[in-house]
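Since the structure comes first, as C-alpha cells, the remarks are kept for the end.
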2 protein chains.
Amino acid sequence: MSELIAFLEPDRSVIARRAAIIADLADLVPASSLITDARELVPFDTDAFVSYRRMPLAVVLPETTTEVAAVLKYCNRNGIPVVPRGAGTSLSGGAIPQEDAIVIGVSKMNRILEVDLPNRCARVQAGVTNISISQTVEADGFFYAPDPSSQLACTIGGNIGMNSGGAHCLKYGVTTNNLLGVKMVMFDGSIVEIGGKALDAPGYDLLGLVCGSEGQLGIVTEATVRLIARPEGARPVLFGFPSSVAAGACVTDIIGAGIIPVAIEFMDKPAIEICEAFAQAGYPMDVEALLIVEVEGSDAEMDAMLGRIIEIARTHGVKTIRESQSATEAALIWKGRKSAFGATGRIADYICMDGTVPLGQLSHVLEKTSEIVARYGLRVANVFHAGDGNMHPLILFDANDPDESRKAEMAGNDILKLCVDAGGCLTGEHGVGIEKRDLMRHQYTDADLAQQMRVRAAFDPKWILNPSKVFPLDGRNGAYADETGETAGKTAA
Amino acid sequence: MSELIAFLEPDRSVIARRAAIIADLADLVPASSLITDARELVPFDTDAFVSYRRMPLAVVLPETTTEVAAVLKYCNRNGIPVVPRGAGTSLSGGAIPQEDAIVIGVSKMNRILEVDLPNRCARVQAGVTNISISQTVEADGFFYAPDPSSQLACTIGGNIGMNSGGAHCLKYGVTTNNLLGVKMVMFDGSIVEIGGKALDAPGYDLLGLVCGSEGQLGIVTEATVRLIARPEGARPVLFGFPSSVAAGACVTDIIGAGIIPVAIEFMDKPAIEICEAFAQAGYPMDVEALLIVEVEGSDAEMDAMLGRIIEIARTHGVKTIRESQSATEAALIWKGRKSAFGATGRIADYICMDGTVPLGQLSHVLEKTSEIVARYGLRVANVFHAGDGNMHPLILFDANDPDESRKAEMAGNDILKLCVDAGGCLTGEHGVGIEKRDLMRHQYTDADLAQQMRVRAAFDPKWILNPSKVFPLDGRNGAYADETGETAGKTAA
C-alpha cells in the first residue's frame, strides 16, 4: 500500500530513483527504443482486460535479443519488476504493469527469420503477429494452426506466454502443440535456446513449461513454430438446435464417436442475435442454439465426415442444417463468430469467462451457468469452442453501475468455480493473469501452488518477472517454505 | 568409490543399516509387496540396456498410491535413493539402480480404472501395459496411439517417464501428446493430481514437465490418457529404393509437401536382410533401402494420399512399390519391422542409438553414420521412424571382444554428436538414462544444465529420485550455484 501511495504522490526519493533507472536504461538501448514520456506511456497502462490501469515506470521496445538481455540483467541486478508485453491483447490482464515496472515490449522484433518447408517450420521473432506467419507461407500451401480471435493483432510471443488457442485448435491443438523451440532471455540476461527443429529433446520438457508460463520464466525473443499443410478444402456447416442442452449433448456425442472436425463452435440464442445483428452472417434465428462445425479435406472426405455428424445431430433433434455454398458464405459464417466479442461490446459491457470442462459436462455446466447469472439478475451470452470443452460465457452488465459490476464479477467467479467442480479448469486459452489469480486457490491446494512457485523460483529467484500475475497475492511470503526450510519465492514489493 | 567398495564387501555398519531399512519398509508395506531375498532381487539389477548391473537394496511392489507415498516419504526423510521401475524395458538404463537404492516397481498397480468414451480418455494405473489399454477399448473402436516396439511388456508409467514413441507416432504424437493427467507421489509423500479430462490447466504446464522426466520429479501411480478413434482402414505399403540417400530424400519431400501418413519407417539393406531372415515378411531383397509407409482412412482417402506419395517416390527413383493385399500381409509387414531389434540380437551384439535430426538432414546423417561406423571397422544396420527424423542406427559388434565393445561405444557417441551438430538431439524416445548422461554436455551448455537441475531440485530437494540418471555425474556439486548463491542439487552419495 505504501508503494501505491508513493505512486500517486511520488516523493523526491522515488522521483530520483526513477530518473536514475531511466538514465541507466538509456545507456543500454537506443533512444528510439525507450519510452519515458507520460503521454507515450499511456497505451501501455493496460491491455484488453482493461479492468486495471497503471502507468509503467518506462517502456523498452528492444530490436534485438541482446538488448532484451541487457535490460533484463540490469533489472534483475537492481530488483526492478519487468512486465513482458506482446500486442497487449490479453483478456486476463497478463500484460498490465501492477508495480513500478519496466514493460519490455517485443513489437519491434517482428521479422520472419526463416521458412523451412522440408522441416515444416518457420523461425520468427517474438513480435510477429499470429496472422502474418500464415500469410507468409500461404502461397506454398501451408499455415500456422492456432488462430485466436485477435490473430490480426496478437503476437506469437504473447501466444506463447498464454498458450493461446482458437476456433481451429480442436483438430490441430493449441500453441504448445505447434511450438518447436524458443530463444529465451533468462532473468540474469543469459540467452538460452530450448527445443528446435528436431522431435523432442533430452532432459526435461522446458519448452512445454515455458509455453503458458505468462512471461514469468523468461522473455521469449524468437520462436520456431510448426507449419501445417492447408487441406484441399474446408466447409463450415451450421446446425441449429431447439435447446442449448441438445446442442451440448450433440457435441459430446460427436467427439465421443471419435470424430474430430477442425472446429465445433457453439452459440446460444443471445449470442446468435448479437452476432447476426453485427455481421449479417445468415445465422438461423428460429433456433435456441447453433453449432458451427467445420470439416476439411477432399469433397469425398468432407461428405463422409459430415454424413456421420448429421446422423448424430438428428438424434438430438437438429432443426436446421445449412452448408456454406461458397467461399464468401464460409467467410461470412466465420466473420459472425469471430466478431462475437466486438459485437457484444457494442450493446453492453461484458466480462468473458474462459473455463474449460470435460465434454461430458457441457450440458450440465450450460444449464448451471444460466442459473447462476439469473440469480444475480444479469444476462449471459454463450459463444465458445465447444469441441474442446472451452466455454466462454459473456456476462452482460452496465459498467457504470457499481452494483452490477460487482455482481458480474461474483457471477464470473461462481461460473469458474462451477467449471473446476465439474472436473474442468479456470482457463482454456486466456491465461490466469490478474483476473483469475485468486481463483487459483479453488483449483489447487496450497501444496500444488507451492510446487509451482518453487518451479518459478528456479527460473526467477528474485521474482522480478511479471510478479503479480498467476499466483494469489497473499500467502507468497513464507507460505510455501519447503521441507528444507528454504522459501521458494518472494513478493516483488 | 568408497560406497562401491562397501557394496562389494559390505562392512558391519552397512549390513546393519540395510537391515534397519528393510525392517522399516516391512512396517510400511505388506510382506507380499517387499522383496529382499538376493535371488529374487536379481531380475531388478538391470533393464533392457543391460550394460550395467547392480543389485538394489530392496524392491517394493506397492499395490496402492498410499503405499508408494509411505515408502517415498520414508526414503526422503532418511536420504535413501529411490529408483522407479515400470517393466524394465528401458533401452537407456533408466530403471537400473546405481546406488544402494530402493526400487519401487509399479507392476502390481495394473488396473484399468475407467474408460470414458464421451471424453475420449481412459484412467489407468501406472503398471498397466501399453497394449492392454488399446485392447480394452478395441471393441468400441478406439485405441491408445503411442506404440513402442516393447508395447506388449512396457507400462504406461515407464512410457510417461521416458516420453515413449513408436512407429505410429508420426501422425498421433508421442506420449506427451496423448497424456491428459497423472496422479503422482512427490518426494515427501504428498500426493498430487496434475491435469485431467479438461483441456489444458491454469498455471505452469507441470504435466508436460513430468512427462519424460525419467522418474526424477515424482512417481506416477495413475494416468489419464487420450483415446483415439480407430480409422476405417489402414494399409502399409513397401517402397524399395536404389540407395539410402534416395529413400531419405523421399521422406523429406513427403513431409515437406505437408503429407502426414500414420507411419514412415526406414530400413537399410542390412536391416532388411536381418528382419526378412527372421520374419519372412516378404520384403524386396533387390533394393538398398525400404520405406514402410502406412496410410489410413477410407479406401478413397488412402488411395488419394498414396497417389501423392507414389508421385514423390518416383522422383527419387523408387524401384519397388508393394501394397499389402490383406490384413495378414499387413500384419506381416509390421511384424518384420517390430522384430528388428530382436532379430538383430540373434546375429550379433548391438547397441541401438536414438538420435533425432531435422528431416532435411536425414540423407546427410545417414551417409555420415556409415562413414563413422566404417572408421571403427564395424557394421551398422539402420531401422527407424523416418517421418519423425528419429534415427536408430544399430551398431553391430562382438561383446566378448573388449576392443570392439569400446569401439562400438565410441562410434555411438560420435553418431549422437553428429545428430546434435546437425540441429537434432540425443534422444527421440528412449530417454537419456545412464547411457547418454555424459553426452548431455554436447547438447547443452553448463547454464542449460544448471537450469534443468534447478527445476529438478524444485521437485526433489534431496536429489533422491533416480539420482544417477540424465545429468552428467561430475559437476553436480556446486557447479550450478545460481546468482543467489544457493546450490540447486546435491549428489546422492
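FYI, nothing fancy with the C-alpha cells labels: chains A, B, ... in order, residues from 1 per chain, ligands from 1 as they appear.
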Can you list, as a short mmCIF file (atom, residue, chain, number, x, y, z; two decimals) with N, CA, C and O atoms, in the first residue's frame, every protein, DNA or RNA residue that comes within 8 Å of segment 170-186 of chain B when you count only C-alpha atoms, leaving out same-chain residues fewer than 6 positions away?
```
data_model
loop_
_atom_site.label_atom_id
_atom_site.label_comp_id
_atom_site.auth_asym_id
_atom_site.auth_seq_id
_atom_site.Cartn_x
_atom_site.Cartn_y
_atom_site.Cartn_z
N ASN A 177 1.11 -27.23 -28.78
CA ASN A 177 1.19 -28.35 -29.73
C ASN A 177 1.80 -27.93 -31.06
O ASN A 177 2.01 -28.77 -31.93
N THR B 65 -1.44 -46.24 -4.23
CA THR B 65 -0.72 -44.97 -4.20
C THR B 65 -0.26 -44.63 -2.78
O THR B 65 0.82 -44.10 -2.57
N VAL B 68 2.95 -46.29 -2.03
CA VAL B 68 4.06 -45.59 -2.68
C VAL B 68 4.43 -44.36 -1.86
O VAL B 68 5.61 -44.07 -1.61
N ALA B 69 3.39 -43.63 -1.42
CA ALA B 69 3.63 -42.40 -0.65
C ALA B 69 4.37 -42.69 0.64
O ALA B 69 5.31 -41.98 1.01
N LEU B 72 8.05 -43.48 -0.17
CA LEU B 72 8.80 -42.32 -0.66
C LEU B 72 9.06 -41.34 0.48
O LEU B 72 10.16 -40.79 0.60
N TYR B 144 -5.15 -46.55 -28.01
CA TYR B 144 -4.17 -45.62 -27.44
C TYR B 144 -3.00 -45.57 -28.40
O TYR B 144 -2.43 -46.60 -28.76
N ALA B 145 -2.64 -44.36 -28.86
CA ALA B 145 -1.78 -44.24 -30.04
C ALA B 145 -0.30 -44.62 -29.88
O ALA B 145 0.22 -45.37 -30.69
N PRO B 146 0.43 -44.10 -28.89
CA PRO B 146 1.88 -44.38 -28.89
C PRO B 146 2.14 -45.89 -28.77
O PRO B 146 1.59 -46.55 -27.90
N ASN B 159 6.35 -45.48 -19.91
CA ASN B 159 6.16 -44.64 -21.10
C ASN B 159 6.16 -43.16 -20.74
O ASN B 159 6.74 -42.34 -21.44
N ILE B 160 5.51 -42.83 -19.62
CA ILE B 160 5.46 -41.43 -19.19
C ILE B 160 6.86 -40.97 -18.77
O ILE B 160 7.31 -39.89 -19.12
N ASN B 163 8.73 -40.54 -22.01
CA ASN B 163 8.02 -39.91 -23.13
C ASN B 163 8.17 -40.78 -24.38
O ASN B 163 8.65 -40.32 -25.44
N SER B 164 7.75 -42.03 -24.26
CA SER B 164 7.99 -43.03 -25.30
C SER B 164 7.26 -42.72 -26.60
O SER B 164 6.18 -42.14 -26.60
N VAL B 192 -0.22 -35.61 -5.50
CA VAL B 192 -0.80 -34.53 -6.29
C VAL B 192 -1.47 -35.09 -7.53
O VAL B 192 -1.16 -36.19 -7.98
N GLU B 193 -2.45 -34.35 -8.03
CA GLU B 193 -3.04 -34.68 -9.33
C GLU B 193 -2.73 -33.53 -10.27
O GLU B 193 -2.93 -32.37 -9.93
N ILE B 194 -2.22 -33.86 -11.43
CA ILE B 194 -1.85 -32.83 -12.40
C ILE B 194 -2.65 -33.11 -13.68
O ILE B 194 -2.70 -34.23 -14.15
N GLY B 195 -3.27 -32.06 -14.22
CA GLY B 195 -4.07 -32.23 -15.44
C GLY B 195 -5.35 -32.99 -15.16
O GLY B 195 -5.79 -33.09 -14.02
N GLY B 196 -5.96 -33.53 -16.19
CA GLY B 196 -7.22 -34.23 -16.04
C GLY B 196 -7.94 -34.28 -17.36
O GLY B 196 -7.32 -34.17 -18.42
N LYS B 197 -9.26 -34.39 -17.29
CA LYS B 197 -10.01 -34.59 -18.52
C LYS B 197 -10.23 -33.30 -19.31
O LYS B 197 -10.59 -33.34 -20.47
N ALA B 198 -10.05 -32.15 -18.66
CA ALA B 198 -10.31 -30.89 -19.37
C ALA B 198 -9.08 -30.47 -20.14
O ALA B 198 -7.95 -30.82 -19.81
N LEU B 207 2.36 -31.00 -16.21
CA LEU B 207 2.14 -32.32 -16.81
C LEU B 207 3.18 -32.58 -17.89
O LEU B 207 3.81 -33.65 -17.93
N GLY B 208 3.40 -31.58 -18.75
CA GLY B 208 4.42 -31.72 -19.79
C GLY B 208 5.80 -31.90 -19.17
O GLY B 208 6.62 -32.66 -19.66
N CYS B 211 6.18 -35.49 -17.89
CA CYS B 211 6.32 -36.49 -18.95
C CYS B 211 7.73 -36.40 -19.55
O CYS B 211 8.14 -35.35 -20.03
N GLY B 212 8.45 -37.50 -19.47
CA GLY B 212 9.82 -37.52 -19.97
C GLY B 212 10.85 -37.14 -18.93
O GLY B 212 12.03 -37.00 -19.24
N LEU B 217 11.06 -36.46 -10.91
CA LEU B 217 10.24 -35.39 -10.32
C LEU B 217 9.13 -35.96 -9.43
O LEU B 217 8.42 -35.18 -8.77
N GLY B 218 9.02 -37.28 -9.39
CA GLY B 218 7.97 -37.91 -8.60
C GLY B 218 7.68 -39.29 -9.18
O GLY B 218 8.26 -39.66 -10.20
N ILE B 219 6.80 -40.05 -8.51
CA ILE B 219 6.44 -41.36 -9.03
C ILE B 219 4.97 -41.33 -9.44
O ILE B 219 4.08 -41.14 -8.61
N VAL B 220 4.73 -41.51 -10.73
CA VAL B 220 3.38 -41.51 -11.26
C VAL B 220 2.71 -42.83 -10.92
O VAL B 220 3.28 -43.90 -11.15
N THR B 221 1.51 -42.78 -10.34
CA THR B 221 0.79 -44.01 -9.99
C THR B 221 -0.48 -44.20 -10.80
O THR B 221 -0.98 -45.31 -10.89
N GLU B 222 -1.01 -43.12 -11.37
CA GLU B 222 -2.18 -43.23 -12.24
C GLU B 222 -2.01 -42.26 -13.40
O GLU B 222 -1.39 -41.22 -13.25
N ALA B 223 -2.62 -42.61 -14.53
CA ALA B 223 -2.55 -41.72 -15.68
C ALA B 223 -3.91 -41.67 -16.37
O ALA B 223 -4.62 -42.66 -16.42
N THR B 224 -4.26 -40.48 -16.88
CA THR B 224 -5.42 -40.35 -17.75
C THR B 224 -4.87 -40.12 -19.16
O THR B 224 -4.11 -39.18 -19.38
N VAL B 225 -5.22 -41.04 -20.06
CA VAL B 225 -4.65 -40.96 -21.42
C VAL B 225 -5.74 -40.78 -22.45
O VAL B 225 -6.89 -41.16 -22.25
N ARG B 226 -5.36 -40.17 -23.56
CA ARG B 226 -6.27 -39.90 -24.65
C ARG B 226 -6.55 -41.17 -25.43
O ARG B 226 -5.66 -41.98 -25.67
N LEU B 227 -7.80 -41.38 -25.82
CA LEU B 227 -8.15 -42.48 -26.72
C LEU B 227 -8.47 -41.89 -28.09
O LEU B 227 -9.03 -40.81 -28.19
N ILE B 260 1.11 -36.16 -44.07
CA ILE B 260 1.47 -36.86 -42.83
C ILE B 260 0.79 -38.23 -42.82
O ILE B 260 -0.35 -38.38 -42.38
N PRO B 261 1.49 -39.27 -43.29
CA PRO B 261 0.94 -40.62 -43.15
C PRO B 261 0.94 -41.01 -41.66
O PRO B 261 1.40 -40.23 -40.83
N VAL B 262 0.42 -42.17 -41.33
CA VAL B 262 0.45 -42.61 -39.93
C VAL B 262 1.87 -42.99 -39.54
O VAL B 262 2.30 -42.79 -38.41
N ALA B 263 2.61 -43.56 -40.48
CA ALA B 263 3.97 -44.01 -40.17
C ALA B 263 4.82 -43.97 -41.43
O ALA B 263 4.32 -44.23 -42.53
N ILE B 264 6.09 -43.60 -41.28
CA ILE B 264 7.07 -43.81 -42.34
C ILE B 264 8.29 -44.44 -41.67
O ILE B 264 9.03 -43.77 -40.95
N HIS B 385 12.19 -44.59 -37.29
CA HIS B 385 10.99 -43.81 -37.55
C HIS B 385 11.37 -42.59 -38.40
O HIS B 385 11.63 -41.50 -37.88
N GLY B 387 9.81 -40.64 -40.61
CA GLY B 387 8.94 -39.48 -40.71
C GLY B 387 9.15 -38.50 -39.58
O GLY B 387 8.93 -37.30 -39.73
N ASP B 388 9.54 -39.00 -38.42
CA ASP B 388 9.83 -38.17 -37.25
C ASP B 388 11.29 -37.73 -37.20
O ASP B 388 11.68 -37.03 -36.28
N PHE B 459 11.59 -30.04 -7.27
CA PHE B 459 10.72 -31.20 -7.05
C PHE B 459 11.31 -32.21 -6.08
O PHE B 459 10.59 -33.01 -5.51
N ASP B 460 12.62 -32.22 -5.95
CA ASP B 460 13.29 -33.29 -5.21
C ASP B 460 14.54 -32.69 -4.56
O ASP B 460 15.66 -32.92 -4.99
#
```
With only C-alpha atoms as the counted atoms, please give the residues lying no more than 7 Å from Pro56 of chain B, apart from itself and same-chain residues fewer than 3 positions off, as a tab-separated table (two decimals) with all heavy atoms, in the first residue's frame.
```
chain	number	residue	atom	x	y	z
B	41	LEU	N	16.00	-60.58	-5.99
B	41	LEU	CA	16.37	-59.21	-6.40
B	41	LEU	C	17.03	-59.18	-7.77
B	41	LEU	O	17.05	-58.13	-8.43
B	41	LEU	CB	17.31	-58.58	-5.36
B	41	LEU	CG	16.70	-58.20	-4.01
B	41	LEU	CD1	17.79	-57.69	-3.06
B	41	LEU	CD2	15.62	-57.13	-4.18
B	45	ASP	N	18.21	-56.01	-11.22
B	45	ASP	CA	19.54	-55.40	-11.18
B	45	ASP	C	19.92	-54.71	-12.48
B	45	ASP	O	20.95	-54.07	-12.57
B	45	ASP	CB	20.60	-56.43	-10.76
B	45	ASP	CG	20.92	-57.42	-11.86
B	45	ASP	OD1	20.20	-57.45	-12.88
B	45	ASP	OD2	21.90	-58.17	-11.71
B	59	VAL	N	13.43	-54.23	-3.14
B	59	VAL	CA	12.43	-53.86	-4.14
B	59	VAL	C	11.06	-53.81	-3.45
B	59	VAL	O	10.71	-54.72	-2.70
B	59	VAL	CB	12.38	-54.88	-5.30
B	59	VAL	CG1	11.21	-54.57	-6.24
B	59	VAL	CG2	13.69	-54.87	-6.07
B	97	PRO	N	19.27	-49.61	-10.91
B	97	PRO	CA	19.74	-48.95	-9.69
B	97	PRO	C	21.26	-48.77	-9.75
B	97	PRO	O	21.97	-49.71	-10.09
B	97	PRO	CB	19.34	-49.93	-8.57
B	97	PRO	CG	19.20	-51.25	-9.24
B	97	PRO	CD	18.84	-51.00	-10.68
B	100	ASP	N	22.87	-47.77	-3.63
B	100	ASP	CA	22.26	-48.74	-2.73
B	100	ASP	C	20.81	-48.29	-2.55
B	100	ASP	O	20.44	-47.70	-1.53
B	100	ASP	CB	23.03	-48.73	-1.41
B	100	ASP	CG	22.99	-50.11	-0.75
B	100	ASP	OD1	22.71	-51.11	-1.46
B	100	ASP	OD2	23.23	-50.19	0.46
B	101	ALA	N	20.02	-48.59	-3.58
B	101	ALA	CA	18.71	-47.94	-3.73
B	101	ALA	C	17.54	-48.88	-3.46
B	101	ALA	O	17.66	-50.10	-3.53
B	101	ALA	CB	18.57	-47.38	-5.13
B	102	ILE	N	16.40	-48.26	-3.16
B	102	ILE	CA	15.13	-48.97	-3.13
B	102	ILE	C	14.50	-48.84	-4.51
B	102	ILE	O	14.29	-47.73	-5.00
B	102	ILE	CB	14.17	-48.35	-2.09
B	102	ILE	CG1	14.82	-48.22	-0.72
B	102	ILE	CG2	12.87	-49.15	-2.02
B	102	ILE	CD1	15.25	-49.51	-0.10
B	103	VAL	N	14.21	-49.96	-5.16
B	103	VAL	CA	13.47	-49.93	-6.41
B	103	VAL	C	11.97	-49.97	-6.08
B	103	VAL	O	11.53	-50.84	-5.33
B	103	VAL	CB	13.84	-51.11	-7.32
B	103	VAL	CG1	12.86	-51.25	-8.48
B	103	VAL	CG2	15.26	-50.94	-7.85
```
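With distances restricted to only C-alpha atoms, A:Asn119 is the closest residue to chain B from A:Asn119, A:Asn130, A:Ser363, A:Thr315.
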| task | Mind checking which residues fall within 9 Å of Cys250 of chain A, counting only C-alpha atoms, ignoring those fewer than 4 positions away in the same chain, and posting them as a VMD selection string? | result | chain A and resid 245 to 246 254 to 255 309 312 to 316
| task | Pick out the closest residue to Leu362 of chain A from this set: B:Cys275, B:Glu301, B:Pro118, B:Cys425. Count only C-alpha atoms. | result | B:Pro118
Sorted per-residue table, segment 6-109 of chain A near segment 428-444 of chain A, closest atoms and distance, 7 Å, only C-alpha atoms, as a Markdown table:
```
| residue | atom | partner | partner_atom | distance |
| --- | --- | --- | --- | --- |
| A:Ser90 | CA | A:His430 | CA | 6.9 |
| A:Leu91 | CA | A:His430 | CA | 6.0 |
| A:Ser92 | CA | A:Gly433 | CA | 4.9 |
| A:Gly93 | CA | A:Gly433 | CA | 5.2 |
| A:Gly94 | CA | A:Gly433 | CA | 4.3 |
```
Write a file of the just-selected residues containing N, CA, C and O atoms, as an mmCIF file, in the first residue's frame.
```
data_model
loop_
_atom_site.group_PDB
_atom_site.id
_atom_site.type_symbol
_atom_site.label_atom_id
_atom_site.label_comp_id
_atom_site.auth_asym_id
_atom_site.auth_seq_id
_atom_site.Cartn_x
_atom_site.Cartn_y
_atom_site.Cartn_z
ATOM 1 N N SER A 90 -4.148 -9.354 -24.214
ATOM 2 C CA SER A 90 -4.504 -10.302 -23.152
ATOM 3 C C SER A 90 -5.879 -9.995 -22.568
ATOM 4 O O SER A 90 -6.192 -8.845 -22.264
ATOM 5 N N LEU A 91 -6.686 -11.038 -22.407
ATOM 6 C CA LEU A 91 -8.017 -10.890 -21.810
ATOM 7 C C LEU A 91 -8.009 -11.137 -20.312
ATOM 8 O O LEU A 91 -9.043 -11.067 -19.664
ATOM 9 N N SER A 92 -6.845 -11.474 -19.747
ATOM 10 C CA SER A 92 -6.766 -11.764 -18.309
ATOM 11 C C SER A 92 -5.841 -10.786 -17.595
ATOM 12 O O SER A 92 -5.526 -10.980 -16.428
ATOM 13 N N GLY A 93 -5.405 -9.751 -18.292
ATOM 14 C CA GLY A 93 -4.542 -8.758 -17.646
ATOM 15 C C GLY A 93 -3.085 -9.165 -17.583
ATOM 16 O O GLY A 93 -2.312 -8.601 -16.792
ATOM 17 N N GLY A 94 -2.674 -10.109 -18.410
ATOM 18 C CA GLY A 94 -1.299 -10.619 -18.354
ATOM 19 C C GLY A 94 -0.235 -9.580 -18.649
ATOM 20 O O GLY A 94 0.901 -9.717 -18.219
#
```
| field | From A:Glu214, A:Asp24, A:Asp200, A:Asp286, residue lying nearest Asp354 of chain B [only C-alpha atoms] | value |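 Distance minimum relative to Asp354 of chain B lands on A:Asp200.
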| task | Point out the residue among A:Ala20, A:Ala343, A:Val210, A:Ile372 with the least atom-to-atom distance to chain B, counting only C-alpha atoms. | result | A:Val210
| Can you list, as a VMD selection string, every protein, DNA or RNA residue that comes within 9 Å of Gln280 of chain A when you count only C-alpha atoms, leaving out same-chain residues fewer than 5 positions away? | chain A and resid 275 332 to 333 336
Okay, now the selection with N, CA, C and O atoms, as a PDB file, in the first residue's frame?
```
ATOM      1  N   CYS A 275     -24.473 -11.531 -32.777  1.00  0.00           N
ATOM      2  CA  CYS A 275     -23.545 -11.672 -33.903  1.00  0.00           C
ATOM      3  C   CYS A 275     -24.251 -11.417 -35.231  1.00  0.00           C
ATOM      4  O   CYS A 275     -23.684 -10.798 -36.135  1.00  0.00           O
ATOM      5  N   LEU A 332     -18.203 -15.522 -44.272  1.00  0.00           N
ATOM      6  CA  LEU A 332     -19.220 -14.776 -43.533  1.00  0.00           C
ATOM      7  C   LEU A 332     -19.609 -15.510 -42.246  1.00  0.00           C
ATOM      8  O   LEU A 332     -19.794 -14.900 -41.191  1.00  0.00           O
ATOM      9  N   ILE A 333     -19.746 -16.820 -42.369  1.00  0.00           N
ATOM     10  CA  ILE A 333     -20.065 -17.620 -41.180  1.00  0.00           C
ATOM     11  C   ILE A 333     -19.003 -17.407 -40.104  1.00  0.00           C
ATOM     12  O   ILE A 333     -19.306 -17.187 -38.933  1.00  0.00           O
ATOM     13  N   GLY A 336     -19.025 -13.802 -38.515  1.00  0.00           N
ATOM     14  CA  GLY A 336     -20.007 -13.690 -37.442  1.00  0.00           C
ATOM     15  C   GLY A 336     -19.452 -14.204 -36.126  1.00  0.00           C
ATOM     16  O   GLY A 336     -19.501 -13.530 -35.097  1.00  0.00           O
TER      17      GLY A 336
END
```
